[in-house]
Every structure is written in C-alpha cells, then in structure tokens.
file structure29.txt (compact mmCIF, C-alpha atoms)
# COMPACT_ATOMS: atom_id res chain seq x y z
CA MET A 1 0.63 13.78 15.55
CA LYS A 2 -0.98 11.88 12.67
CA ILE A 3 -0.77 8.34 11.36
CA CYS A 4 -0.08 7.74 7.68
CA ALA A 5 0.19 4.12 6.55
CA LEU A 6 3.26 3.27 4.51
CA ASP A 7 1.43 2.81 1.20
CA ASN A 8 -0.06 6.31 1.53
CA LEU A 9 3.05 7.95 2.93
CA ILE A 10 5.32 7.37 -0.04
CA ARG A 11 2.72 8.94 -2.33
CA GLN A 12 2.72 12.18 -0.36
CA ASN A 13 5.21 14.94 0.35
CA PHE A 14 6.87 14.59 3.73
CA ASN A 15 10.11 15.61 5.39
CA PRO A 16 12.35 13.03 7.09
CA VAL A 17 14.74 14.50 9.66
CA PHE A 18 17.07 13.38 12.45
CA ILE A 19 18.24 10.18 10.78
CA ASN A 20 20.99 8.20 12.45
CA GLY A 21 22.05 4.55 12.45
CA LEU A 22 23.34 2.45 15.32
CA GLN A 23 24.60 -1.11 15.56
CA GLN A 24 24.17 -3.04 18.81
CA PHE A 25 25.55 -6.39 19.93
CA TRP A 26 23.69 -8.32 22.61
CA ARG A 27 26.26 -10.75 24.04
CA ASN A 28 25.80 -9.49 27.61
CA THR A 29 22.60 -7.44 27.73
CA LYS A 30 19.64 -9.47 26.47
CA SER A 31 16.79 -7.17 27.42
CA PHE A 32 15.81 -3.52 27.70
CA GLN A 33 12.64 -1.53 28.23
CA CYS A 34 11.26 1.98 27.74
CA VAL A 35 8.02 1.70 29.71
CA GLY A 36 7.59 5.03 31.46
CA ALA A 37 10.00 6.68 29.02
CA PRO A 38 8.22 6.91 25.63
CA LYS A 39 10.40 6.75 22.52
CA LYS A 40 11.33 10.20 21.24
CA GLN A 41 11.84 9.08 17.63
CA ASN A 42 10.54 6.47 15.23
CA LEU A 43 12.79 3.44 14.89
CA PHE A 44 13.40 0.81 12.22
CA MET A 45 15.44 -2.11 13.56
CA LEU A 46 16.93 -4.88 11.41
CA LEU A 47 17.56 -8.17 13.26
CA ASN A 48 20.63 -10.18 12.37
CA GLY A 49 21.08 -13.57 14.02
CA CYS A 50 18.63 -13.24 16.90
CA LYS A 51 14.97 -13.31 17.92
CA VAL A 52 13.30 -10.36 19.65
CA THR A 53 10.07 -10.43 21.67
CA TYR A 54 8.33 -7.11 22.30
CA THR A 55 5.69 -6.59 24.98
CA ASP A 56 4.03 -3.19 24.78
CA LYS A 57 2.59 -1.29 27.75
CA ASN A 58 -0.85 -2.80 27.05
CA GLY A 59 0.53 -6.35 27.23
CA GLU A 60 0.37 -7.05 23.48
CA ILE A 61 3.22 -9.30 22.30
CA PHE A 62 5.11 -9.04 19.00
CA VAL A 63 7.77 -11.56 17.94
CA ALA A 64 10.41 -10.83 15.29
CA HIS A 65 13.06 -13.19 13.93
CA SER A 66 16.43 -12.82 12.25
CA GLY A 67 16.03 -10.96 8.96
CA ASP A 68 12.90 -9.12 10.07
CA ILE A 69 12.60 -5.34 10.30
CA VAL A 70 10.69 -3.92 13.27
CA TYR A 71 9.06 -0.48 13.33
CA THR A 72 8.43 1.12 16.71
CA PRO A 73 6.67 4.51 16.61
CA MET A 74 7.57 7.67 18.46
CA GLY A 75 5.75 7.67 21.79
CA SER A 76 5.66 3.88 22.11
CA GLU A 77 6.56 2.10 25.35
CA TYR A 78 7.60 -1.55 25.51
CA ARG A 79 9.82 -4.24 26.97
CA VAL A 80 12.20 -6.26 24.80
CA GLN A 81 13.71 -9.71 25.31
CA LEU A 82 16.39 -11.03 22.93
CA SER A 83 16.96 -14.77 22.45
CA ASP A 84 17.92 -17.54 19.99
CA PHE A 85 21.35 -16.06 19.22
CA GLN A 86 22.82 -17.77 16.18
CA ASP A 87 26.44 -16.83 16.96
CA ALA A 88 28.62 -14.32 18.80
CA ASN A 89 28.14 -11.76 16.01
CA ALA A 90 24.36 -11.52 16.41
CA HIS A 91 23.37 -7.87 16.33
CA THR A 92 20.74 -5.33 15.38
CA ILE A 93 21.00 -2.26 13.18
CA GLY A 94 18.66 0.55 14.14
CA ILE A 95 17.67 3.72 12.28
CA ASN A 96 16.15 6.48 14.38
CA PHE A 97 14.19 9.12 12.48
CA LEU A 98 11.43 11.70 12.60
CA LEU A 99 8.88 12.44 9.87
CA TYR A 100 6.92 15.63 9.33
CA ASP A 101 4.18 16.46 6.84
CA GLU A 102 4.01 19.68 4.82
CA GLN A 103 2.38 21.49 7.73
CA GLY A 104 5.14 20.44 10.12
CA GLU A 105 3.04 17.87 11.99
CA ASP A 106 4.67 14.68 13.28
CA VAL A 107 3.88 11.62 11.14
CA LEU A 108 3.82 8.00 12.34
CA LEU A 109 3.53 4.91 10.13
CA SER A 110 1.41 3.27 12.82
CA ASP A 111 0.49 3.78 16.47
CA ARG A 112 1.70 0.28 17.31
CA ILE A 113 4.69 -1.94 16.68
CA GLN A 114 4.91 -3.37 13.14
CA ILE A 115 7.02 -6.26 11.89
CA PHE A 116 8.10 -6.58 8.26
CA HIS A 117 9.15 -10.11 7.25
CA VAL A 118 11.83 -9.51 4.62
CA ALA A 119 14.33 -12.29 5.35
CA GLN A 120 14.96 -13.13 1.66
CA ASP A 121 15.56 -9.53 0.64
CA GLN A 122 19.17 -8.57 -0.11
CA MET A 123 18.67 -4.86 -0.75
CA LEU A 124 17.17 -3.79 2.59
CA PRO A 125 20.09 -5.01 4.77
CA LEU A 126 22.44 -3.19 2.39
CA LEU A 127 20.46 0.05 2.79
CA PHE A 128 20.57 -0.27 6.59
CA ARG A 129 24.33 -0.79 6.51
CA ASN A 130 24.77 2.17 4.18
CA VAL A 131 23.04 4.41 6.75
CA LEU A 132 25.19 2.92 9.50
CA HIS A 133 28.51 3.42 7.69
CA ASN A 134 27.70 6.63 5.81
CA GLU A 135 30.72 8.92 6.23
CA ILE A 136 30.40 11.18 3.20
CA PRO A 137 30.44 14.99 3.74
CA ASN A 138 26.72 15.47 3.02
CA GLN A 139 25.87 12.55 5.28
CA PHE A 140 22.42 13.75 6.33
CA THR A 141 21.32 14.39 2.75
CA GLN A 142 22.45 10.92 1.71
CA ASN A 143 20.73 9.34 4.70
CA ARG A 144 17.45 10.98 3.72
CA ILE A 145 17.73 9.32 0.32
CA LEU A 146 18.55 5.97 1.95
CA LEU A 147 15.54 6.27 4.28
CA MET A 148 13.32 6.97 1.26
CA GLU A 149 14.75 3.86 -0.41
CA ILE A 150 13.94 1.82 2.70
CA LEU A 151 10.37 3.14 2.87
CA CYS A 152 9.81 2.39 -0.83
CA ALA A 153 11.29 -1.11 -0.48
CA LEU A 154 9.10 -1.88 2.55
CA ASP A 155 6.05 -0.62 0.69
CA THR A 156 6.88 -3.00 -2.15
CA LYS A 157 7.14 -5.83 0.39
CA ASP A 158 3.71 -4.97 1.77
CA LEU A 159 2.30 -4.98 -1.75
CA GLU A 160 3.85 -8.38 -2.39
CA LYS A 161 2.00 -10.06 0.50
CA SER A 162 -1.18 -10.46 -1.51
CA MET A 163 0.56 -11.20 -4.80
CA PRO A 164 1.16 -14.50 -6.57
CA ASP A 165 4.80 -15.56 -6.50
CA HIS A 166 5.41 -14.74 -10.16
CA ILE A 167 4.14 -11.16 -9.73
CA THR A 168 6.19 -10.77 -6.54
CA LYS A 169 9.27 -11.86 -8.46
CA ALA A 170 8.60 -9.27 -11.17
CA LEU A 171 8.07 -6.44 -8.64
CA ARG A 172 11.28 -7.35 -6.85
CA TYR A 173 13.21 -7.51 -10.10
CA LEU A 174 11.96 -4.08 -11.22
CA SER A 175 12.79 -2.53 -7.84
CA GLU A 176 16.29 -4.01 -7.64
CA HIS A 177 17.15 -3.35 -11.32
CA ILE A 178 15.54 0.03 -11.73
CA GLU A 179 18.16 1.16 -14.25
CA GLN A 180 17.29 -1.64 -16.66
CA ASN A 181 14.60 -1.66 -19.34
CA PRO A 182 13.29 -5.23 -19.52
CA THR A 183 10.54 -5.94 -22.01
CA VAL A 184 7.31 -7.62 -20.92
CA ALA A 185 8.54 -10.77 -22.64
CA GLU A 186 11.77 -10.70 -20.62
CA LEU A 187 9.89 -10.18 -17.35
CA ALA A 188 7.56 -13.05 -18.21
CA ALA A 189 10.58 -15.26 -18.91
CA ILE A 190 12.09 -14.34 -15.53
CA CYS A 191 8.80 -15.40 -13.92
CA HIS A 192 8.60 -18.60 -16.04
CA ILE A 193 5.14 -17.86 -17.45
CA SER A 194 3.83 -16.83 -20.86
CA GLU A 195 3.92 -13.18 -21.89
CA VAL A 196 0.14 -12.99 -22.41
CA TYR A 197 -0.62 -14.53 -19.00
CA PHE A 198 2.00 -12.38 -17.28
CA ARG A 199 0.62 -9.18 -18.80
CA LYS A 200 -2.93 -9.99 -17.66
CA GLN A 201 -1.85 -11.08 -14.18
CA PHE A 202 0.33 -8.03 -13.60
CA LYS A 203 -2.43 -5.61 -14.57
CA ALA A 204 -4.99 -7.49 -12.48
CA HIS A 205 -2.88 -7.50 -9.30
CA VAL A 206 -0.91 -4.26 -9.56
CA GLY A 207 -3.49 -2.14 -11.39
CA VAL A 208 -1.13 -0.84 -14.09
CA SER A 209 1.02 -2.34 -16.82
CA PRO A 210 4.63 -3.40 -16.09
CA CYS A 211 5.87 -0.40 -18.08
CA GLU A 212 3.66 2.03 -16.17
CA TYR A 213 4.77 0.54 -12.85
CA ARG A 214 8.46 0.78 -13.78
CA ASN A 215 8.07 4.39 -14.90
CA ALA A 216 6.24 5.37 -11.71
CA LEU A 217 8.93 3.66 -9.63
CA ARG A 218 11.69 5.51 -11.47
CA LEU A 219 10.03 8.89 -11.20
CA SER A 220 9.34 8.38 -7.49
CA ARG A 221 13.03 7.57 -7.02
CA ALA A 222 13.95 10.65 -9.10
CA LYS A 223 11.87 12.84 -6.76
CA SER A 224 13.90 11.60 -3.78
CA TYR A 225 17.20 12.37 -5.51
CA LEU A 226 16.00 15.84 -6.45
CA GLU A 227 14.63 16.68 -3.01
CA TYR A 228 17.40 15.30 -0.85
CA GLY A 229 20.45 14.84 -3.07
CA GLU A 230 22.92 17.07 -4.86
CA ILE A 231 23.49 15.00 -8.00
CA SER A 232 22.69 16.57 -11.36
CA VAL A 233 19.67 15.89 -13.54
CA GLN A 234 21.98 14.17 -16.04
CA GLU A 235 23.33 11.87 -13.31
CA ILE A 236 19.82 11.03 -12.11
CA SER A 237 18.80 10.23 -15.66
CA ASP A 238 21.80 7.91 -16.08
CA MET A 239 21.30 6.20 -12.70
CA LEU A 240 17.67 5.43 -13.47
CA GLY A 241 18.37 4.04 -16.94
CA TYR A 242 16.75 6.65 -19.17
CA SER A 243 17.88 6.62 -22.79
CA SER A 244 18.60 10.36 -22.64
CA VAL A 245 18.27 13.26 -20.23
CA SER A 246 15.67 14.84 -22.52
CA HIS A 247 13.55 11.69 -22.24
CA PHE A 248 13.83 11.80 -18.45
CA ILE A 249 12.84 15.49 -18.33
CA LYS A 250 9.88 14.86 -20.62
CA GLU A 251 8.62 11.95 -18.47
CA PHE A 252 9.12 13.93 -15.27
CA ARG A 253 7.31 16.97 -16.64
CA GLN A 254 4.35 14.87 -17.81
CA ARG A 255 3.92 13.32 -14.35
CA TYR A 256 4.66 16.29 -12.08
CA ALA A 257 3.81 19.26 -14.35
CA CYS A 258 7.24 20.86 -13.98
CA SER A 259 10.85 20.21 -14.93
CA PRO A 260 13.19 18.35 -12.55
CA LEU A 261 15.17 21.54 -11.84
CA LYS A 262 12.03 23.52 -11.07
CA TYR A 263 10.85 20.73 -8.80
CA ARG A 264 14.17 20.76 -6.91
CA LYS A 265 14.12 24.55 -6.59
CA ARG A 266 10.53 24.56 -5.36
CA LYS A 267 11.16 21.87 -2.73
CA ARG A 268 14.33 23.59 -1.51
CA THR A 269 12.45 26.89 -1.26
CA ASP A 270 9.62 25.21 0.66
call {"tool": "encode", "arguments": {"input": "structure29.txt", "output": "structure tokens"}}
result
Amino acid sequence: MKICALDNLIRQNFNPVFINGLQQFWRNTKSFQCVGAPKKQNLFMLLNGCKVTYTDKNGEIFVAHSGDIVYTPMGSEYRVQLSDFQDANAHTIGINFLLYDEQGEDVLLSDRIQIFHVAQDQMLPLLFRNVLHNEIPNQFTQNRILLMEILCALDTKDLEKSMPDHITKALRYLSEHIEQNPTVAELAAICHISEVYFRKQFKAHVGVSPCEYRNALRLSRAKSYLEYGEISVQEISDMLGYSSVSHFIKEFRQRYACSPLKYRKRKRTD
C-alpha cells in the first residue's frame, strides 16, 4: 500500500475501481464508529447542512463543516459525531472507491483523514450527485470519469490555497469553463486587473502561462474520457472546445507522443 498525494496522483497513471455513491440522512443516528473494523475502501464524503467531528484511533480530532469534503483512507479507524444540523434535510453524500497503481498496488491519498474546504464551489457537489444518481447503462465507466473530475477539482482547490484571489478566480473559471477559449485579456478582465499584471502574476504563481495551463487541463480531461469513457474522439474534441478534431489530435499527439485512439487502445490493452 503506498501513499500518493493528490497533486502527484493526477499526474500519474492509476486505476480507480469499486466506485459507488451513497446518501445518508442523520435525523436519528448522530454518530458511528469503525474503531476495530478498519475501512475497506477510501471514502470521500460531502457534508450538506451539518457538522462532523472525527476522532481517529490515536485521539487526533478533525472537524468538518457543511460544504466540506472529507477524505478517509482505506484502513483508517475513527469515531464520528454529527451536530449543528441546519434542517431536517441535512445529509451526507459518500463515494467509496479503491485506487491501484500500474503495478496493481493499493494507492492512498494520505494515511490520515483530510478535509477539503470547498464550500463556495458549485461543481463538486454536482459531481457527487452525478455519482449518486448515475443510472446509465455503462454506470461504472461514467463513475470513473466523475471520480477523475472530482480528483482534478480537489487538486485545483489545493493549488488555490496559496494563490492570490485573482489567480484563484482565473483557475476556477478555466476549470469550470473548459470548453471556452478566453483570451488573456478576457481572463484579466474577469479578475479585474490589467492584462500585463495578470500575465505576470499567473506565470509567477502557477508556473506556466494561462494558455499552457488551459491546454494541460484539457488534455488531462481528454485522457480521462479516452481511458474510461466510450465517447468518440470527435465528441471529446467538441466537449473540450477545440476548433477542430485535427487540432485536438495534434495537441494530444504533441503532449503524449501518440494519437488519442492509440492511447485509448493501449490503455484498454493494459
């Protein structure tokens, strides 16, 4: 079993399996515990309208509030107390999952509980609900894509912690409008700063230009669709906002040294 932090994980090849969503209401039961019965899967849990206090087997305390997402790793043991219910509809949405690396070894994001503070994010709750209500025929394939989306979105949130507000706003806009092609001037206007200052600040904090970041984000998303989805290369190109499928193929080939179809075939063979 190995630990791979989120920012490193999404830049590597890994295999998510056993993905299922569950919604739980806590009107009557306000506590549970798994001390003595270690968790058999990783869990992401989105809190909606309640506060949750975790105490792990070593006595360390973690407190999460409504809107937060909590990660508990496979093998963890803890006690949970729920409180501060905002109304009768307070609930949690959980996603159980397992991750394996290319050698088939279990992968954890951390060996301890982690809390992601994402209360202002609108996309992550939607992704959780999509896993919960996914009833399409290739449900598992779609859930793998949704889990990848969640991991990428959480990685963006982690990146934002050390960013100035105007850079955070730009990163969020690019992630949530991945099919669009805003110019640097348009991004600067969204952030209410000058184009020259925005360009310098973005490169200083993110390490690449806005265009390079957007392209990397798109191609990372394309990889997920190719690995875990059944949609065509043309559809992926359209969904990600490329001007033409030939442009998408060219960009993909330059970054990954093979065509999208060859990449899909290779990953399916593996």
call {"tool": "atom_distance", "arguments": {"input": "structure29.txt", "atom1": "atom CA of Leu226 of chain A", "atom2": "atom CA of Leu261 of chain A"}}
result
7.9 Å
call {"tool": "residues_around", "arguments": {"input": "structure29.txt", "residues": "Asp111 of chain A", "least_positions_apart": "3", "cutoff": "10 Å", "atoms": "all atoms listed in the file", "output": "PyMOL selection string"}}
result
chain A and resi 2-5+72-76+108+114
call {"tool": "atom_distance", "arguments": {"input": "structure29.txt", "atom1": "atom CA of His177 of chain A", "atom2": "atom CA of Phe44 of chain A"}}
result
24.2 Å
call {"tool": "residues_near_point", "arguments": {"input": "structure29.txt", "point": "(-0.4, -3.4, -16.3)", "cutoff": "12 Å", "atoms": "all atoms listed in the file", "output": "ChimeraX atom specification"}}
result
/A:167,170-171,184,196-216
call {"tool": "write_last_selection", "arguments": {"input": "structure29.txt", "atoms": "C-alpha atoms", "output": "compact mmCIF listing (two decimals), in the frame of the given file"}}
result
# COMPACT_ATOMS: atom_id res chain seq x y z
CA ILE A 167 4.14 -11.16 -9.73
CA ALA A 170 8.60 -9.27 -11.17
CA LEU A 171 8.07 -6.44 -8.64
CA VAL A 184 7.31 -7.62 -20.92
CA VAL A 196 0.14 -12.99 -22.41
CA TYR A 197 -0.62 -14.53 -19.00
CA PHE A 198 2.00 -12.38 -17.28
CA ARG A 199 0.62 -9.18 -18.80
CA LYS A 200 -2.93 -9.99 -17.66
CA GLN A 201 -1.85 -11.08 -14.18
CA PHE A 202 0.33 -8.03 -13.60
CA LYS A 203 -2.43 -5.61 -14.57
CA ALA A 204 -4.99 -7.49 -12.48
CA HIS A 205 -2.88 -7.50 -9.30
CA VAL A 206 -0.91 -4.26 -9.56
CA GLY A 207 -3.49 -2.14 -11.39
CA VAL A 208 -1.13 -0.84 -14.09
CA SER A 209 1.02 -2.34 -16.82
CA PRO A 210 4.63 -3.40 -16.09
CA CYS A 211 5.87 -0.40 -18.08
CA GLU A 212 3.66 2.03 -16.17
CA TYR A 213 4.77 0.54 -12.85
CA ARG A 214 8.46 0.78 -13.78
CA ASN A 215 8.07 4.39 -14.90
CA ALA A 216 6.24 5.37 -11.71
call {"tool": "atom_distance", "arguments": {"input": "structure29.txt", "atom1": "atom CA of Glu102 of chain A", "atom2": "atom CA of Leu127 of chain A"}}
result
25.7 Å
call {"tool": "residues_around", "arguments": {"input": "structure29.txt", "residues": "segment 14-22 of chain A", "least_positions_apart": "6", "cutoff": "12 Å", "atoms": "all atoms listed in the file", "output": "ChimeraX atom specification"}}
result
/A:4,6,8,40-46,91-108,127-135,139-148,151,223-224,227-228,267-268,270
call {"tool": "residues_around", "arguments": {"input": "structure29.txt", "residues": "segment 28-38 of chain A", "least_positions_apart": "2", "cutoff": "6 Å", "atoms": "only C-alpha atoms", "output": "number ranges by chain"}}
result
A: 26, 75-82
call {"tool": "build_atoms", "arguments": {"input": "structure29.txt", "residues": "segment 158-186 of chain A", "atoms": "N, CA and C atoms", "output": "PDB file, in the coordinates of the input"}}
result
ATOM      1  N   ASP A 158       5.107  -4.905   1.345  1.00  0.00           N
ATOM      2  CA  ASP A 158       3.710  -4.970   1.770  1.00  0.00           C
ATOM      3  C   ASP A 158       2.805  -5.314   0.595  1.00  0.00           C
ATOM      4  N   LEU A 159       3.090  -4.711  -0.550  1.00  0.00           N
ATOM      5  CA  LEU A 159       2.300  -4.980  -1.750  1.00  0.00           C
ATOM      6  C   LEU A 159       2.415  -6.440  -2.156  1.00  0.00           C
ATOM      7  N   GLU A 160       3.605  -7.016  -1.949  1.00  0.00           N
ATOM      8  CA  GLU A 160       3.850  -8.380  -2.390  1.00  0.00           C
ATOM      9  C   GLU A 160       3.075  -9.421  -1.587  1.00  0.00           C
ATOM     10  N   LYS A 161       2.633  -9.058  -0.370  1.00  0.00           N
ATOM     11  CA  LYS A 161       2.000 -10.060   0.500  1.00  0.00           C
ATOM     12  C   LYS A 161       0.788 -10.706  -0.144  1.00  0.00           C
ATOM     13  N   SER A 162       0.042  -9.929  -0.910  1.00  0.00           N
ATOM     14  CA  SER A 162      -1.180 -10.460  -1.510  1.00  0.00           C
ATOM     15  C   SER A 162      -0.981 -10.877  -2.959  1.00  0.00           C
ATOM     16  N   MET A 163       0.268 -10.917  -3.405  1.00  0.00           N
ATOM     17  CA  MET A 163       0.560 -11.200  -4.800  1.00  0.00           C
ATOM     18  C   MET A 163       0.947 -12.654  -5.029  1.00  0.00           C
ATOM     19  N   PRO A 164       0.626 -13.185  -6.198  1.00  0.00           N
ATOM     20  CA  PRO A 164       1.160 -14.500  -6.570  1.00  0.00           C
ATOM     21  C   PRO A 164       2.689 -14.419  -6.666  1.00  0.00           C
ATOM     22  N   ASP A 165       3.339 -15.548  -6.520  1.00  0.00           N
ATOM     23  CA  ASP A 165       4.800 -15.560  -6.500  1.00  0.00           C
ATOM     24  C   ASP A 165       5.411 -14.963  -7.763  1.00  0.00           C
ATOM     25  N   HIS A 166       4.788 -15.236  -8.932  1.00  0.00           N
ATOM     26  CA  HIS A 166       5.410 -14.740 -10.160  1.00  0.00           C
ATOM     27  C   HIS A 166       5.309 -13.216 -10.268  1.00  0.00           C
ATOM     28  N   ILE A 167       4.253 -12.612  -9.722  1.00  0.00           N
ATOM     29  CA  ILE A 167       4.140 -11.160  -9.730  1.00  0.00           C
ATOM     30  C   ILE A 167       5.109 -10.556  -8.707  1.00  0.00           C
ATOM     31  N   THR A 168       5.227 -11.210  -7.553  1.00  0.00           N
ATOM     32  CA  THR A 168       6.190 -10.770  -6.540  1.00  0.00           C
ATOM     33  C   THR A 168       7.594 -10.747  -7.114  1.00  0.00           C
ATOM     34  N   LYS A 169       7.939 -11.788  -7.864  1.00  0.00           N
ATOM     35  CA  LYS A 169       9.270 -11.860  -8.460  1.00  0.00           C
ATOM     36  C   LYS A 169       9.495 -10.708  -9.443  1.00  0.00           C
ATOM     37  N   ALA A 170       8.485 -10.366 -10.207  1.00  0.00           N
ATOM     38  CA  ALA A 170       8.600  -9.270 -11.170  1.00  0.00           C
ATOM     39  C   ALA A 170       8.758  -7.927 -10.456  1.00  0.00           C
ATOM     40  N   LEU A 171       7.969  -7.692  -9.400  1.00  0.00           N
ATOM     41  CA  LEU A 171       8.070  -6.440  -8.640  1.00  0.00           C
ATOM     42  C   LEU A 171       9.452  -6.298  -8.019  1.00  0.00           C
ATOM     43  N   ARG A 172       9.955  -7.390  -7.475  1.00  0.00           N
ATOM     44  CA  ARG A 172      11.280  -7.350  -6.850  1.00  0.00           C
ATOM     45  C   ARG A 172      12.359  -7.087  -7.899  1.00  0.00           C
ATOM     46  N   TYR A 173      12.217  -7.713  -9.046  1.00  0.00           N
ATOM     47  CA  TYR A 173      13.210  -7.510 -10.100  1.00  0.00           C
ATOM     48  C   TYR A 173      13.221  -6.044 -10.554  1.00  0.00           C
ATOM     49  N   LEU A 174      12.041  -5.470 -10.762  1.00  0.00           N
ATOM     50  CA  LEU A 174      11.960  -4.080 -11.220  1.00  0.00           C
ATOM     51  C   LEU A 174      12.524  -3.121 -10.178  1.00  0.00           C
ATOM     52  N   SER A 175      12.288  -3.397  -8.906  1.00  0.00           N
ATOM     53  CA  SER A 175      12.790  -2.530  -7.840  1.00  0.00           C
ATOM     54  C   SER A 175      14.311  -2.617  -7.718  1.00  0.00           C
ATOM     55  N   GLU A 176      14.858  -3.817  -7.838  1.00  0.00           N
ATOM     56  CA  GLU A 176      16.290  -4.010  -7.640  1.00  0.00           C
ATOM     57  C   GLU A 176      17.116  -3.743  -8.885  1.00  0.00           C
ATOM     58  N   HIS A 177      16.451  -3.630 -10.061  1.00  0.00           N
ATOM     59  CA  HIS A 177      17.150  -3.350 -11.320  1.00  0.00           C
ATOM     60  C   HIS A 177      16.478  -2.170 -12.011  1.00  0.00           C
ATOM     61  N   ILE A 178      16.321  -1.100 -11.241  1.00  0.00           N
ATOM     62  CA  ILE A 178      15.540   0.030 -11.730  1.00  0.00           C
ATOM     63  C   ILE A 178      16.167   0.703 -12.943  1.00  0.00           C
ATOM     64  N   GLU A 179      17.479   0.526 -13.117  1.00  0.00           N
ATOM     65  CA  GLU A 179      18.160   1.160 -14.250  1.00  0.00           C
ATOM     66  C   GLU A 179      18.008   0.376 -15.549  1.00  0.00           C
ATOM     67  N   GLN A 180      17.437  -0.807 -15.470  1.00  0.00           N
ATOM     68  CA  GLN A 180      17.290  -1.640 -16.660  1.00  0.00           C
ATOM     69  C   GLN A 180      15.928  -1.407 -17.328  1.00  0.00           C
ATOM     70  N   ASN A 181      15.828  -1.833 -18.573  1.00  0.00           N
ATOM     71  CA  ASN A 181      14.600  -1.660 -19.340  1.00  0.00           C
ATOM     72  C   ASN A 181      14.116  -3.000 -19.897  1.00  0.00           C
ATOM     73  N   PRO A 182      13.740  -3.925 -19.019  1.00  0.00           N
ATOM     74  CA  PRO A 182      13.290  -5.230 -19.520  1.00  0.00           C
ATOM     75  C   PRO A 182      11.962  -5.117 -20.256  1.00  0.00           C
ATOM     76  N   THR A 183      11.825  -5.884 -21.315  1.00  0.00           N
ATOM     77  CA  THR A 183      10.540  -5.940 -22.010  1.00  0.00           C
ATOM     78  C   THR A 183       9.578  -6.815 -21.225  1.00  0.00           C
ATOM     79  N   VAL A 184       8.300  -6.767 -21.581  1.00  0.00           N
ATOM     80  CA  VAL A 184       7.310  -7.620 -20.920  1.00  0.00           C
ATOM     81  C   VAL A 184       7.657  -9.085 -21.142  1.00  0.00           C
ATOM     82  N   ALA A 185       8.146  -9.394 -22.337  1.00  0.00           N
ATOM     83  CA  ALA A 185       8.540 -10.770 -22.640  1.00  0.00           C
ATOM     84  C   ALA A 185       9.679 -11.228 -21.736  1.00  0.00           C
ATOM     85  N   GLU A 186      10.642 -10.343 -21.485  1.00  0.00           N
ATOM     86  CA  GLU A 186      11.770 -10.700 -20.620  1.00  0.00           C
ATOM     87  C   GLU A 186      11.322 -10.884 -19.170  1.00  0.00           C
TER      88      GLU A 186
END
